[in-house]
Every structure is written in structure tokens, then in C-alpha cells.
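What follows is a set of notes on a single structure, which appears directly below.
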Amino acid sequence: MNKTIITVVGHDAVGIIAKVCTYLAENNININDISQTILQGYFNMMMITDMTQSTKPFGEISDELAALGESIGVIIKCQREEIFDSMHRI
Amino acid sequence: MINIFEVAETNEMVEKENLDVRTITLGISLLDCIDSDINKLNEKIYNKICTVAKDLVKTGEDISKEFGIPIVNKRISVTPIGLIGASACKTTDDFVSIAKTLDKAAKAVGVNFIGGYSALVAKGMTPGEEMLIRSIPDALCSTERIMSSVVLGSTRTGLNMDGVKLMGKVIKETAEKTKENDSIGCTKLVVLCNAPDDNPFMAGAFHGVTEADSIINVGVSGPGVVKYALEKVRGENFEVLCETIKKTAFKVTRVGQIVAREASKRLGIPFGIVDLSLAPTPAIGDSVADILCEIGLEQTGAPGTTAALALLNDQVKKGGVMASSYVGGLSGAFIPVSEDQGMIDAVNAGALTIEKLEAMTCVCSVGLDMIAIPGDTPNSTISGIIADELAIGMINQKTTAVRIIPVIGKGVGDNVEFGGLLGHAPIMPVNGFSCEAFVNRGGRIPAPIHSFKN
């Protein structure tokens, strides 16, 4: 329950996963699953994470991840899992 | 478990195909505010709206951020003011004071529109309701965020032709009073037949008397998503076409459903309905006309348009009802002119006329919407257009509406710019033959035979 999906989209580069994972570790966010692929020429990564132990509120994590993405030239989005379940599961 | 392709599909719908939740509309009953003293009434209305809706905008923004889905508008609908003001209002100015109170409350809680400056006069008008209707031009030109609607008929009651006649005059007066801004007041005024009590979309939103004290209704949109999905099935047969629309409508409705549930939970206000309407905006790619072209028409208005729209509207509903047990409001496809770049192009190309739009309204979810006509169109002709459109709704047991803008000082060949989501439009020609004697008869058109279902 209470899973958050983090997506990273952009041009591939060295250290993207490392930087995102470091941030998550620093904020006590557990990663349940990672998948990665190239979609239409772009690096696409999706993480299913558990934020229940995080000390920061959702909005702050979301803003900081977006800023981190900007600094490494990718787009990082943070969304609650329910929106995807709702849309793709009957 | 959800996979990366499903996540990418959802995010692509939002980022590239204009998927959004168009509105969270909080319906608020004002029945408990009724007072015979106009000052007390205004005070109670202001306090109730500011109490019930105080967290609406913030909650909408929070949900938008957490789910990554834009929620474009946060709005309020209230019990028709024709009922609420009847006891206190002795003059049209009294009603205008309520409009100003609603406007002030809308600004205080941060919503962009408040609907319900309305009268339900499908069969007849009380003195209070008639006074409210006569106050509409002043109310709309002295407020910013008020939306007004008048229900002039239904399948069960027939058409109130006295009201239809009066509204021809009121629409023209509203146009006159806002002529410095291309008669923009008329964009906030709609007349309806068979109006739903739970519609979250403006200008026709009001909180019906059948509703609870407060309720959350959500309107989702997504013409761009449907258009994009159909691009992938070009040349396929109708079965494939319909399946694709249904599946897309399902996904879009589910977004509305979860946003509505979440908003309801956080605000502690019951969830009402999800309205799945393909509501276009002037943004490129956010057009219902483009869907019709994708289905196979050179331009909207070409032969086949009504059939294509009928199919679209029906599949949208079928996909929607599978996705939510409480689909309501208007649900279907909107076909406004000024708010849809594809419709504007079709009018400019000579493919689309008011008469064809009228035929399309027989199968779409609402009616003649955001159509600019010459400013010198007689009141009786406007009433005639309204009567035609409402007759379609009455006989076919569906909602129909007219939101028409006689642009004072402009004629066919001119363009009008409303700005923002309201868009821009070419002035469309209106049939010049008179219906004055018809409109002047007075009284009402009886309910149709199939209304007797007792």
C-alpha cells in the first residue's frame, strides 16, 4: 500500500540511476522494484517505491526529485501508484 | 503489478495529448440560507460558501501534484438563486446583490467560476424567478465569475415559450451591456432543456434541489487522447474504431473517478458523479472536430458528420459507464465552436453551418454552444433558435442547450476574440426569415406524448 511510482525520462547518461538512488537512500525511501527500457529513443526508468518511512512530505520529495532531474538533464516525476492502477486495471 | 509501458502511456496522455481533469465542481445547497431579509440572506450565502469550500482549491492542487494529473479548474455550483432569493428579493437589484455576493465568495475561496445564478422554469415562472431572469444582464456585467443558466423545458413538462421569448430579449440585453468586450457576457449564459442536477461543467452547472447538502462532481476531458488513439487504427473497420474509443474513454473516466474519490475523502464531502465529456479547448490537439476528421471526414460538417458524432458520443458513454458506477452530468461530446480550433476551421472553410450544428446536437451531449452570430439578429430569431434546440431535447429525451452570442456591432465576415478557454470565433450567418409571430403566441408547448409513462 501507499506505493509511489518514480519515473525518469530523458537522454541516457552515466550515473542517472546512482544519483536518484542516492537521493532516495538519504531520504529513507525504499525501492521495491526497478525497470528500465529505451522508449522512442529515450531512457525510461520506473521505480516502485515505498515512502512510508520518509521523514519529508510527498510534495517536498516530489519537488526535490524534479530539481535533481533538472540538474542531470532528465525529467523525474513522482506519482502515487493508484492513478495507474485505476487507469489500467479493471 | 503496474509496468513501465502502462506508466509511460498514462504520462504521455497527460504530457502530449492534453489529458486533464477539467473541473472539480463542489455543489453547495443554499436552501438553508433562505431568509426574507436580503442582507441576512447575502451574509448567510457568503458564510456558507466560504465555510464549505475553504479547502477546495488547495485540495485540488494537492491531488493534482500527487497523481501527476492536471486539474484545470476548481469550481462551485449552488442551488438555483431563483429559489434562494425568491423570499428576500423585491427588485432585480436585490438579485444582483446576491450575484455580487456569490462573486465575492468565489474570489475569497479562489474558484474561477460559480454556477447557479439560475432559474428552473421548464413549465412556468414564479415572480421571483422572472425577476432573476430579468436581472441576468446586470448581474453578468457587474460580476466576473458568475455563470447563469435558465431551464426552459423538459420532456416531462414541455417548453415554456413565455420563458423562451423572454430569454431572447435577455440574451440580447446581456450582449448590449457587454458590447465593449465583444458581448462576452453571453458566454456566461446558457438556456437548457432536460438539465441535469449534477452537471459540473459551466455555464450550465447548478446544484439541483434533488442533491445533498454538498457534493463533489468531477468533469474529465480528453479529446486529444481519443484523437491520438484513433490515429493508430486508421483504415480499420467500425468495430475496431468503436472498441478503441471505448477503451480510451474507460481510461480517461478512471482518472476522474480516482480524483473524485480522493477529493471527496479529503474534503469530507460525498462523491456525486463523474462527468465524462470530451470538452475541447482552443489548444491545438484538444479538439472534438479533429476526432471527427480522424474518423474519416475531410472537415466537420461534411456529410457523415452526424453519424460520426453519434458513434463517438455513444462509445464515450459506453466506455465511461464501465469505468464508474456514477457517471452523470452531461457525459458525451461537446461541440462548441469558439472553444474548438477544428470547429473554427470548419466554419471558416464553409463546411459547417448553424443548421448542421443543430443536426449534430441531436446526437451529441449538449447543444448549440459558443456560437457567435450577428449583433443585429432580432430577439425573436434568437428565441426561435432556442425553441428549435430545446424541442430537439424535449422530443428526444436528452439534454440540449443554447449558448449563443449576438456580437453587438459585428456581422458575418467579422471575427470575435473572447480569449483564454473561451477561444475565438467567426460570426456565423443566421437564417434571415422571421419567426416573430410564432414566438409571440405566448404560453407553452405541451409535453410530448411519450412523456406519459405513469
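Identifiers in the C-alpha cells: chain A, B, ... in order shown; residue index from 1 per chain; ligand index from 1 in order shown.
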
Fewer than 6 positions away in the same chain doesn't count, so skip those; otherwise give me all residues within 10 Å of region 47-59 of chain A, counting only C-alpha atoms, as a ChimeraX atom specification. /A:1-8,21,24-36,65,78-81 /B:1-4,62,65-66

DSSP on the backbone: what in chain A comes out strand (DSSP E or B), as a ChimeraX atom specification? /A:3-10,30-39,42-50,74-80

Export, as a short mmCIF file (atom, residue, chain, number, x, y, z; two decimals), in the first residue's frame, the selected residues with C-alpha atoms.
data_model
loop_
_atom_site.label_atom_id
_atom_site.label_comp_id
_atom_site.auth_asym_id
_atom_site.auth_seq_id
_atom_site.Cartn_x
_atom_site.Cartn_y
_atom_site.Cartn_z
CA LYS A 3 3.37 2.96 -3.19
CA THR A 4 4.83 5.79 -5.20
CA ILE A 5 5.94 5.48 -8.80
CA ILE A 6 9.02 7.46 -9.75
CA THR A 7 9.69 7.85 -13.45
CA VAL A 8 12.85 9.15 -15.04
CA VAL A 9 12.77 10.11 -18.73
CA GLY A 10 15.47 11.73 -20.82
CA ASN A 30 12.74 2.05 -0.06
CA ILE A 31 12.84 0.80 -3.66
CA ASN A 32 10.61 -2.24 -4.28
CA ASP A 33 11.16 -2.61 -7.99
CA ILE A 34 13.11 -1.02 -10.82
CA SER A 35 12.60 -1.44 -14.55
CA GLN A 36 14.31 0.36 -17.34
CA THR A 37 13.98 0.48 -21.10
CA ILE A 38 14.54 2.68 -24.14
CA LEU A 39 11.20 4.07 -25.45
CA TYR A 42 14.66 7.99 -24.72
CA PHE A 43 15.93 6.49 -21.50
CA ASN A 44 12.93 5.44 -19.42
CA MET A 45 13.17 4.21 -15.88
CA MET A 46 10.39 3.37 -13.49
CA MET A 47 10.78 2.69 -9.80
CA ILE A 48 8.12 1.43 -7.44
CA THR A 49 8.95 2.87 -4.07
CA ASP A 50 7.68 2.93 -0.52
CA VAL A 74 16.24 14.33 -17.21
CA ILE A 75 12.61 14.65 -16.17
CA ILE A 76 11.76 12.99 -12.87
CA LYS A 77 8.14 12.58 -11.86
CA CYS A 78 6.75 11.28 -8.65
CA GLN A 79 3.18 9.95 -8.64
CA ARG A 80 1.05 7.80 -6.40
#

Spatial neighbours of Val150 (chain B), 8 Å, only C-alpha atoms, chain gap at least 3 places, as a list of chain:residue names: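 The residues that qualify are B:Ser118, B:Ala119, B:Leu120, B:Val121, B:Ile133, B:Val190, B:Val191, B:Leu192.
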
Residues from the last selection, N, CA and C atoms, saved as a PDB file, in the first residue's frame:
ATOM      1  N   SER B 118     -29.370  30.915 -11.491  1.00  0.00           N
ATOM      2  CA  SER B 118     -30.226  30.154 -12.402  1.00  0.00           C
ATOM      3  C   SER B 118     -31.687  30.190 -11.991  1.00  0.00           C
ATOM      4  N   ALA B 119     -32.521  29.853 -12.968  1.00  0.00           N
ATOM      5  CA  ALA B 119     -33.946  29.688 -12.703  1.00  0.00           C
ATOM      6  C   ALA B 119     -34.417  28.426 -13.402  1.00  0.00           C
ATOM      7  N   LEU B 120     -35.191  27.613 -12.679  1.00  0.00           N
ATOM      8  CA  LEU B 120     -35.758  26.402 -13.262  1.00  0.00           C
ATOM      9  C   LEU B 120     -37.202  26.705 -13.619  1.00  0.00           C
ATOM     10  N   VAL B 121     -37.431  27.037 -14.875  1.00  0.00           N
ATOM     11  CA  VAL B 121     -38.771  27.489 -15.272  1.00  0.00           C
ATOM     12  C   VAL B 121     -39.285  26.675 -16.466  1.00  0.00           C
ATOM     13  N   ILE B 133     -34.465  36.290 -13.853  1.00  0.00           N
ATOM     14  CA  ILE B 133     -34.134  36.244 -15.281  1.00  0.00           C
ATOM     15  C   ILE B 133     -33.915  37.669 -15.812  1.00  0.00           C
ATOM     16  N   VAL B 190     -26.472  30.346 -20.388  1.00  0.00           N
ATOM     17  CA  VAL B 190     -26.949  29.231 -21.212  1.00  0.00           C
ATOM     18  C   VAL B 190     -28.399  28.921 -20.859  1.00  0.00           C
ATOM     19  N   VAL B 191     -29.162  28.507 -21.866  1.00  0.00           N
ATOM     20  CA  VAL B 191     -30.519  28.018 -21.599  1.00  0.00           C
ATOM     21  C   VAL B 191     -30.555  26.525 -21.904  1.00  0.00           C
ATOM     22  N   LEU B 192     -31.359  25.792 -21.151  1.00  0.00           N
ATOM     23  CA  LEU B 192     -31.322  24.329 -21.264  1.00  0.00           C
ATOM     24  C   LEU B 192     -32.702  23.692 -21.314  1.00  0.00           C
TER      25      LEU B 192
END

Residues of chain B within 8 Å of chain A, counting only C-alpha atoms, as number ranges by chain: B: 2, 4, 6-7, 10, 65-68, 250-252, 254-255, 258, 323

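Each of B:Leu166, B:Val240, B:Ala425, B:Ile344 was checked against Ile295 (chain B) using only C-alpha atoms; the smallest atom-to-atom distance is that of B:Val240.
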
I'd like the contact shell of Ser324 (chain B) - 9 Å cut-off, only C-alpha atoms, skipping same-chain residues fewer than 5 positions apart - returned as a PDB file with C-alpha atoms, in the first residue's frame.
ATOM      1  CA  PHE B 250     -12.661   3.921 -19.886  1.00  0.00           C
ATOM      2  CA  THR B 253     -13.048   8.154 -16.817  1.00  0.00           C
ATOM      3  CA  ARG B 254     -10.996   6.152 -14.330  1.00  0.00           C
ATOM      4  CA  GLY B 256     -11.836  11.254 -12.994  1.00  0.00           C
ATOM      5  CA  GLN B 257     -13.140   8.550 -10.710  1.00  0.00           C
ATOM      6  CA  ILE B 273     -20.720  11.743 -10.223  1.00  0.00           C
ATOM      7  CA  VAL B 274     -18.005  11.708 -12.839  1.00  0.00           C
TER       8      VAL B 274
END

Contact residues around Leu189 (chain B) with only C-alpha atoms at 10 Å, ignoring same-chain residues under 4 positions, as a ChimeraX atom specification: /B:115,117-118,136-137,140,146-150,170-171,174,184-185,202-204,402-405

Atoms kept (N, CA and C atoms) for selection, written as a CSV table (one decimal), in the first residue's frame:
chain,number,residue,atom,x,y,z
B,115,GLY,N,-21.4,28.6,-10.5
B,115,GLY,CA,-22.6,28.4,-11.3
B,115,GLY,C,-23.8,28.3,-10.5
B,117,TYR,N,-26.5,30.9,-10.9
B,117,TYR,CA,-27.4,32.1,-11.0
B,117,TYR,C,-28.5,31.7,-12.0
B,118,SER,N,-29.4,30.9,-11.5
B,118,SER,CA,-30.2,30.2,-12.4
B,118,SER,C,-31.7,30.2,-12.0
B,136,ILE,N,-30.5,39.1,-15.1
B,136,ILE,CA,-29.3,38.5,-15.6
B,136,ILE,C,-28.3,39.4,-16.3
B,137,PRO,N,-28.8,40.3,-17.2
B,137,PRO,CA,-27.9,41.2,-17.9
B,137,PRO,C,-27.0,42.1,-16.9
B,140,LEU,N,-24.6,39.8,-14.9
B,140,LEU,CA,-23.4,39.3,-15.6
B,140,LEU,C,-22.4,40.4,-15.9
B,146,ILE,N,-19.5,34.8,-12.2
B,146,ILE,CA,-20.8,34.2,-12.1
B,146,ILE,C,-21.2,33.6,-13.4
B,147,MET,N,-21.8,32.4,-13.4
B,147,MET,CA,-22.3,31.7,-14.5
B,147,MET,C,-23.8,31.6,-14.3
B,148,SER,N,-24.6,31.8,-15.4
B,148,SER,CA,-26.0,31.8,-15.3
B,148,SER,C,-26.6,30.8,-16.3
B,149,SER,N,-27.7,30.2,-15.8
B,149,SER,CA,-28.4,29.2,-16.7
B,149,SER,C,-29.9,29.3,-16.4
B,150,VAL,N,-30.7,29.1,-17.4
B,150,VAL,CA,-32.1,29.1,-17.3
B,150,VAL,C,-32.7,27.8,-18.0
B,170,VAL,N,-33.4,38.8,-23.1
B,170,VAL,CA,-32.3,38.8,-22.0
B,170,VAL,C,-30.9,38.6,-22.6
B,171,ILE,N,-30.8,37.7,-23.6
B,171,ILE,CA,-29.5,37.4,-24.2
B,171,ILE,C,-29.1,38.6,-25.0
B,174,THR,N,-27.9,41.3,-22.5
B,174,THR,CA,-26.6,40.9,-22.0
B,174,THR,C,-25.5,41.3,-23.0
B,184,ILE,N,-19.2,39.6,-24.4
B,184,ILE,CA,-18.7,38.4,-23.7
B,184,ILE,C,-19.6,37.9,-22.6
B,185,GLY,N,-20.5,38.8,-22.1
B,185,GLY,CA,-21.5,38.4,-21.1
B,185,GLY,C,-22.3,37.1,-21.5
B,202,MET,N,-19.5,24.3,-16.7
B,202,MET,CA,-20.1,25.6,-16.9
B,202,MET,C,-20.5,25.8,-18.3
B,203,ALA,N,-21.4,26.6,-18.7
B,203,ALA,CA,-22.1,27.6,-17.8
B,203,ALA,C,-23.3,27.0,-17.2
B,204,GLY,N,-23.6,25.7,-17.5
B,204,GLY,CA,-24.9,25.1,-17.1
B,204,GLY,C,-24.9,24.5,-15.7
B,402,VAL,N,-28.5,26.0,-25.4
B,402,VAL,CA,-28.1,27.1,-26.3
B,402,VAL,C,-27.2,28.1,-25.6
B,403,ARG,N,-26.0,28.3,-26.1
B,403,ARG,CA,-25.2,29.4,-25.6
B,403,ARG,C,-24.7,30.1,-26.8
B,404,ILE,N,-25.4,31.2,-27.1
B,404,ILE,CA,-25.2,31.9,-28.4
B,404,ILE,C,-24.9,33.4,-28.1
B,405,ILE,N,-24.0,33.9,-28.9
B,405,ILE,CA,-23.5,35.3,-28.6
B,405,ILE,C,-23.8,36.2,-29.8

Per DSSP on the backbone, filter region 61-208 of chain B down to the residues in helix (DSSP H, G or I) and report them as JSON, numbers by chain. {"B": [61, 62, 63, 64, 65, 66, 67, 81, 82, 83, 84, 92, 93, 94, 95, 96, 97, 98, 99, 100, 101, 102, 103, 104, 105, 106, 107, 108, 109, 127, 128, 129, 130, 131, 132, 133, 134, 135, 136, 137, 138, 139, 140, 141, 161, 162, 163, 164, 165, 166, 167, 168, 169, 170, 171, 172, 173, 174, 175, 176, 177, 179, 180, 181, 184, 185, 186, 187, 188]}

Tell me, as a ChimeraX atom specification, which residues lie within 8 Å of region 356-365 of chain B, counting only C-alpha atoms; anything in the same chain fewer than 5 positions away does not count. /B:301,305-306,309-310,313,330-335,389,392-393,396,398-400

Surrounding residues of Glu144 (chain B) excluding itself and chain neighbours under 2 positions, 10 Å, only C-alpha atoms, as a VMD selection string: chain B and resid 99 to 100 103 to 104 106 to 107 112 to 114 139 to 142 146 to 147 185 188

Can you write just those residues out, N, CA and C atoms, as a compact mmCIF listing (two decimals), in the first residue's frame?
# COMPACT_ATOMS: atom_id res chain seq x y z
N ALA B 99 -25.80 38.15 -6.73
CA ALA B 99 -24.75 37.83 -7.71
C ALA B 99 -23.41 38.36 -7.23
N LYS B 100 -23.43 39.58 -6.72
CA LYS B 100 -22.18 40.18 -6.24
C LYS B 100 -21.63 39.42 -5.02
N ASP B 103 -20.02 36.32 -6.30
CA ASP B 103 -18.75 36.70 -6.94
C ASP B 103 -17.67 36.90 -5.88
N LYS B 104 -18.06 37.59 -4.81
CA LYS B 104 -17.12 37.87 -3.73
C LYS B 104 -16.68 36.56 -3.06
N ALA B 106 -16.68 33.59 -4.44
CA ALA B 106 -15.84 32.84 -5.39
C ALA B 106 -14.40 33.32 -5.32
N LYS B 107 -14.23 34.64 -5.24
CA LYS B 107 -12.88 35.20 -5.15
C LYS B 107 -12.23 34.84 -3.82
N ASN B 112 -12.59 29.73 -10.01
CA ASN B 112 -12.67 30.65 -11.15
C ASN B 112 -14.09 30.90 -11.64
N PHE B 113 -15.01 29.97 -11.33
CA PHE B 113 -16.41 30.22 -11.68
C PHE B 113 -17.34 29.66 -10.62
N ILE B 114 -18.48 30.30 -10.49
CA ILE B 114 -19.52 29.79 -9.61
C ILE B 114 -20.82 29.78 -10.41
N ALA B 139 -26.54 41.40 -13.70
CA ALA B 139 -25.71 40.52 -12.86
C ALA B 139 -24.43 40.12 -13.59
N LEU B 140 -24.56 39.80 -14.86
CA LEU B 140 -23.38 39.32 -15.60
C LEU B 140 -22.40 40.45 -15.93
N CYS B 141 -22.91 41.67 -16.08
CA CYS B 141 -21.97 42.74 -16.41
C CYS B 141 -21.37 43.39 -15.16
N SER B 142 -21.90 43.04 -13.98
CA SER B 142 -21.31 43.64 -12.78
C SER B 142 -20.56 42.61 -11.93
N ILE B 146 -19.51 34.80 -12.16
CA ILE B 146 -20.85 34.21 -12.09
C ILE B 146 -21.22 33.57 -13.43
N MET B 147 -21.79 32.36 -13.36
CA MET B 147 -22.34 31.70 -14.53
C MET B 147 -23.85 31.56 -14.34
N GLY B 185 -20.53 38.79 -22.11
CA GLY B 185 -21.48 38.37 -21.07
C GLY B 185 -22.28 37.14 -21.49
N LYS B 188 -21.41 33.52 -20.66
CA LYS B 188 -21.65 33.02 -19.31
C LYS B 188 -23.13 32.75 -19.06
